[in-house]
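Notes for the one structure printed next.
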Amino acid sequence: MKIVTKLKIFGTFATILVIILGATIYWRANQVDLAIEKDRIADSLVKEAFVLNLLSGDYIQTHGERARTQWMSQYQKLNKSINLYTIESPEEQRILDKLRLGQKAILIHFTQLQENIVDERLPAIEEFERRLSGQLSVDVQEIVSLASGLADINSRKLTIVRQATSYIMLIVVLSLSFLFVFSYLLLARSISRSIRELIDGTKILASGNLNFRYQVKSKDEFGQLVSAFNDMASNLQKLDEIKTEFIFLVSHELRTPVGAIKGLMSMINDGDYGDRTKKLERPLYLITASVDRLLRIVNKMLDVSRIQAGKVILNLTDFNIRDLIDESISSVKPLADEKDIKLVVKKSNSFTIYADRDKVREIIINLIENAIKFTEKGSITVFFEQRDDKIITSISDTGIGVANEYQQKLFDKFDEIKLKHAGKTPGIGLGLYISREFARKMGGDLWIEKSTVGKGSTFAFSLPLSERKIN
Amino acid sequence: MDNQIKKKILLVEDDATLSEMYQKKFSVEGFNILAASTGGEGFQLALQTRPDLILLDILLPGMDGMTVLKKLRDDPWGKDVPIIMLTNLNADDNILKGVIESRPAYYLMKSNSDPSGVVEKVKELLK
């Protein structure tokens, strides 16, 4: 389902919850309001009945015109209150019926009492008047009692309505809050999970694993996004492959003419084309050195393209590391001599290792050449020792050293520190990357053992000891 | 070598500069050098002239060096002739397989071996 649809559904759901909450509040407020209003009417009924009771007593005592008028007025008020009262239960109906009967009775008794009041005070008339007065009092008190009954009913009902409202509001608010939070969490989870997956994938791709692809599980926006991500990764991988292929082809094509120049130079130096003049010695030496450097660059680019394409071929054999170190040192000695740097191999036991001899030579030469490159004076020491089933070879110099924060970057291809040095020192910054990849391919590793700015560095690599040696 | 019959070397190399360079080097070193620039031409020339040693490139127009090597090894004369593979290709699995089956004497990288090094190998094989 699309995210926008999910958001719409959530929005609609939240709106419905708000409407339900609003309707419940309105309904319950209305119920409470009605109960209060009825309770007020019932209270006023009691009050009117009570006042009528007092006025009845007054009239029975005084028989005055004022008392009569007041009684009639109060009677009207009582009548009005009875008419305002709405009936909701059979009990109320029964009480109200009795009230109406009582109301009629008191009016009859009051009217009869008025008509019986004459100036002549005969005993029979007085007796009748006393009976009528008594009847009126009893009837009015009955009305007071019935009105009180109604007031009690309404008072109880108001309490019930208020309690019910509290419970209903509590249940509704809790239920709606739960539904809202639950649906919100569901929505947030479905969106955040997809975002997290995308972040993880992007990190994997950024770390250099261009083979990483997502499984497209949905057709929503995230499905479209991961599909675009996959396309982007494929294009990136294709570009990377084209780049690797291009480097390989260019380097390979360069090898033939460079090889020809190198061969022809060696023939000129050998005198195959006749004697060299003294004047040409220096330029011929410089051409030879430049061609050697160019060939090393071309070979390194080929190595990188092979490493990246997973096409490194190893020719593993047993050989003596000490012999190889001596051989490698003799090939880089002229470079060290030029800068007057001493090359020292520390005495150690003889070890046979199992690796590709040419590639180990390349590692040793790379490390020593780097050491020479970044050392102005002092010495370079090569040392090897056994640690478990590995032979560790260390190359220490007294050069410029590498600050901590740059140490790991040294192993990246074409990184910025190397590029900064590119104009000042020979090389294109691939040596450490290639050397470490080779060491790892042969079952070892390569790392910076220690480095202090201004004091020098120690680089080390490990390679497996020959199995025959272990056994 | 002047007092002896000159040893005959066949160079199969398509790059004109390299071909000229090796021809010069082997002439200077006292060899009789023949050159072919394609695999087919090289194979024919080998059978016709029966050189003492063949220097064979791998990437060649038409028939490639590995095919020439295999065809020569199938020939009664060619099966024992010393052959040096002279190439710029790093040996991948397919080349290695062909190399093992067809037994060339050496597999040399052109860019890493200077002409005098190649001459040394040739002399070593023709001793």
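The chains in the structure tokens are called A, B, ... from first to last as shown; in each chain the residues are counted from 1, and the ligands are counted from 1 in the order shown.
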
Within 9 Å of Leu107 in chain A using only C-alpha atoms, minus same-chain residues under 4 positions, as an MDAnalysis selection string:
chainID A and resid 72 75 102:103 111:112 136

Set out as a Markdown table a contact list for chain B and chain A with a cut-off of 8 Å, giving each residue of chain B that qualifies its closest atom pair and distance in Å to one decimal, counting only C-alpha atoms, ordered by chain and rising residue number.
| residue | atom | partner | partner_atom | distance |
| --- | --- | --- | --- | --- |
| B:Thr17 | CA | A:Ala260 | CA | 6.8 |
| B:Leu18 | CA | A:Ala260 | CA | 5.6 |
| B:Met21 | CA | A:Leu264 | CA | 6.6 |
| B:Lys25 | CA | A:Asp272 | CA | 7.0 |
| B:Val28 | CA | A:Asp272 | CA | 6.6 |
| B:Asn88 | CA | A:Arg255 | CA | 7.0 |
| B:Leu89 | CA | A:His252 | CA | 7.9 |
| B:Ala91 | CA | A:Ile313 | CA | 7.9 |
| B:Asp92 | CA | A:Ile313 | CA | 6.8 |
| B:Lys110 | CA | A:Gly259 | CA | 6.3 |
| B:Ser111 | CA | A:Gly259 | CA | 4.2 |
| B:Asn112 | CA | A:Gly259 | CA | 7.4 |
| B:Ser113 | CA | A:Gly263 | CA | 7.9 |
| B:Asp114 | CA | A:Gly263 | CA | 5.0 |
| B:Pro115 | CA | A:Gly263 | CA | 5.7 |
| B:Ser116 | CA | A:Met267 | CA | 7.6 |

Pairwise distance, CA of Ser190 in chain A with CA of Tyr214 in chain A, equals 16.8 Å

**Message:** as an MDAnalysis selection string, please: every residue in range 91-320 of chain A that a backbone DSSP assignment puts in alpha helix (DSSP H).
**Reply:** chainID A and resid 91:116 123:206 221:270 278:308

Practice task
Considering only C-alpha atoms, return as a count of residues only whatever protein or nucleic-acid residues lie within 12 Å of Glu20 in chain B, sequence-local ones (same chain, fewer than 6 positions apart) excluded.
Solution key: 15

Strand (DSSP E or B) positions in range 7-125 of chain B, given as number ranges by chain: B: 8-12, 32-36, 53-56, 83-87, 106-109

Handout entry: Contacts of range 439-443 of chain A at 7 Å (only C-alpha atoms; same-chain gap of 3+ positions) as number ranges by chain
Key = A: 355, 435-436, 446, 463-464

_Please list as a PyMOL selection string every residue within 8 Å of range 77-79 of chain A, counting only C-alpha atoms and excluding residues in the same chain fewer than 4 positions away._
chain A and resi 45+48-49+73+83+103

Counting only C-alpha atoms, the residue among A:His63, A:Leu17, A:Ile242, A:Leu236 that lies closest to Phe178 in chain A is A:Leu17

Counting only C-alpha atoms, closest pick from A:Asp275, A:Glu369, A:Asp356, A:Asp318 relative to Lys333 in chain A is A:Glu369

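Taking CA of Ser56 in chain A and CA of Gly149 in chain A as endpoints, the distance between them is 20.8 Å.
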
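Going from CA of Ile9 in chain A to CA of Arg193 in chain A covers 18.9 Å.
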
Contact residues around Ile58 in chain B with only C-alpha atoms at 10 Å, ignoring same-chain residues under 4 positions, as JSON, numbers by chain: {"B": [12, 13, 14, 39, 63, 64, 65, 66, 67, 68, 69, 85, 86, 87, 88, 89, 95]}

Would you save the residues from that selection as an mmCIF file, in the first residue's frame, using N, CA and C atoms?
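Once written, result08.cif looks like this:
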data_model
loop_
_atom_site.group_PDB
_atom_site.id
_atom_site.type_symbol
_atom_site.label_atom_id
_atom_site.label_comp_id
_atom_site.auth_asym_id
_atom_site.auth_seq_id
_atom_site.Cartn_x
_atom_site.Cartn_y
_atom_site.Cartn_z
ATOM 1 N N VAL B 12 57.629 -14.566 -33.739
ATOM 2 C CA VAL B 12 56.247 -14.302 -34.179
ATOM 3 C C VAL B 12 55.725 -13.162 -33.300
ATOM 4 N N GLU B 13 55.689 -11.965 -33.862
ATOM 5 C CA GLU B 13 55.356 -10.754 -33.088
ATOM 6 C C GLU B 13 54.652 -9.781 -34.029
ATOM 7 N N ASP B 14 53.463 -9.286 -33.603
ATOM 8 C CA ASP B 14 52.715 -8.402 -34.503
ATOM 9 C C ASP B 14 53.092 -6.930 -34.329
ATOM 10 N N GLY B 39 49.824 -15.164 -36.598
ATOM 11 C CA GLY B 39 49.935 -16.535 -36.104
ATOM 12 C C GLY B 39 50.058 -17.533 -37.251
ATOM 13 N N MET B 63 45.219 -16.358 -36.156
ATOM 14 C CA MET B 63 45.458 -17.450 -35.201
ATOM 15 C C MET B 63 46.267 -16.922 -34.007
ATOM 16 N N ASP B 64 45.780 -17.154 -32.783
ATOM 17 C CA ASP B 64 46.533 -16.597 -31.641
ATOM 18 C C ASP B 64 47.690 -17.523 -31.256
ATOM 19 N N GLY B 65 48.568 -16.999 -30.420
ATOM 20 C CA GLY B 65 49.796 -17.699 -30.056
ATOM 21 C C GLY B 65 49.553 -19.045 -29.396
ATOM 22 N N MET B 66 48.511 -19.145 -28.544
ATOM 23 C CA MET B 66 48.238 -20.405 -27.852
ATOM 24 C C MET B 66 47.831 -21.489 -28.863
ATOM 25 N N THR B 67 47.084 -21.063 -29.922
ATOM 26 C CA THR B 67 46.685 -22.033 -30.951
ATOM 27 C C THR B 67 47.907 -22.484 -31.757
ATOM 28 N N VAL B 68 48.771 -21.504 -32.107
ATOM 29 C CA VAL B 68 49.995 -21.841 -32.841
ATOM 30 C C VAL B 68 50.801 -22.850 -32.024
ATOM 31 N N LEU B 69 50.934 -22.574 -30.719
ATOM 32 C CA LEU B 69 51.699 -23.451 -29.814
ATOM 33 C C LEU B 69 51.124 -24.878 -29.847
ATOM 34 N N MET B 85 57.303 -18.295 -24.858
ATOM 35 C CA MET B 85 56.130 -17.424 -25.002
ATOM 36 C C MET B 85 56.579 -16.032 -24.559
ATOM 37 N N LEU B 86 56.376 -15.076 -25.436
ATOM 38 C CA LEU B 86 56.824 -13.719 -25.162
ATOM 39 C C LEU B 86 55.568 -12.839 -25.221
ATOM 40 N N THR B 87 55.099 -12.391 -24.083
ATOM 41 C CA THR B 87 53.787 -11.732 -24.117
ATOM 42 C C THR B 87 53.677 -10.638 -23.072
ATOM 43 N N ASN B 88 52.602 -9.897 -23.154
ATOM 44 C CA ASN B 88 52.290 -8.920 -22.110
ATOM 45 C C ASN B 88 51.092 -9.363 -21.304
ATOM 46 N N LEU B 89 50.565 -10.547 -21.641
ATOM 47 C CA LEU B 89 49.388 -11.040 -20.912
ATOM 48 C C LEU B 89 49.845 -11.733 -19.641
ATOM 49 N N ILE B 95 45.235 -19.651 -19.924
ATOM 50 C CA ILE B 95 46.596 -19.638 -20.489
ATOM 51 C C ILE B 95 47.455 -20.660 -19.753
#

- Shell around range 90-95 of chain A at 12 Å using only C-alpha atoms, local window under 6 positions removed, as an NGL selection string: :A and (38 or 42 or 82 or 101-102 or 142-154 or 157)
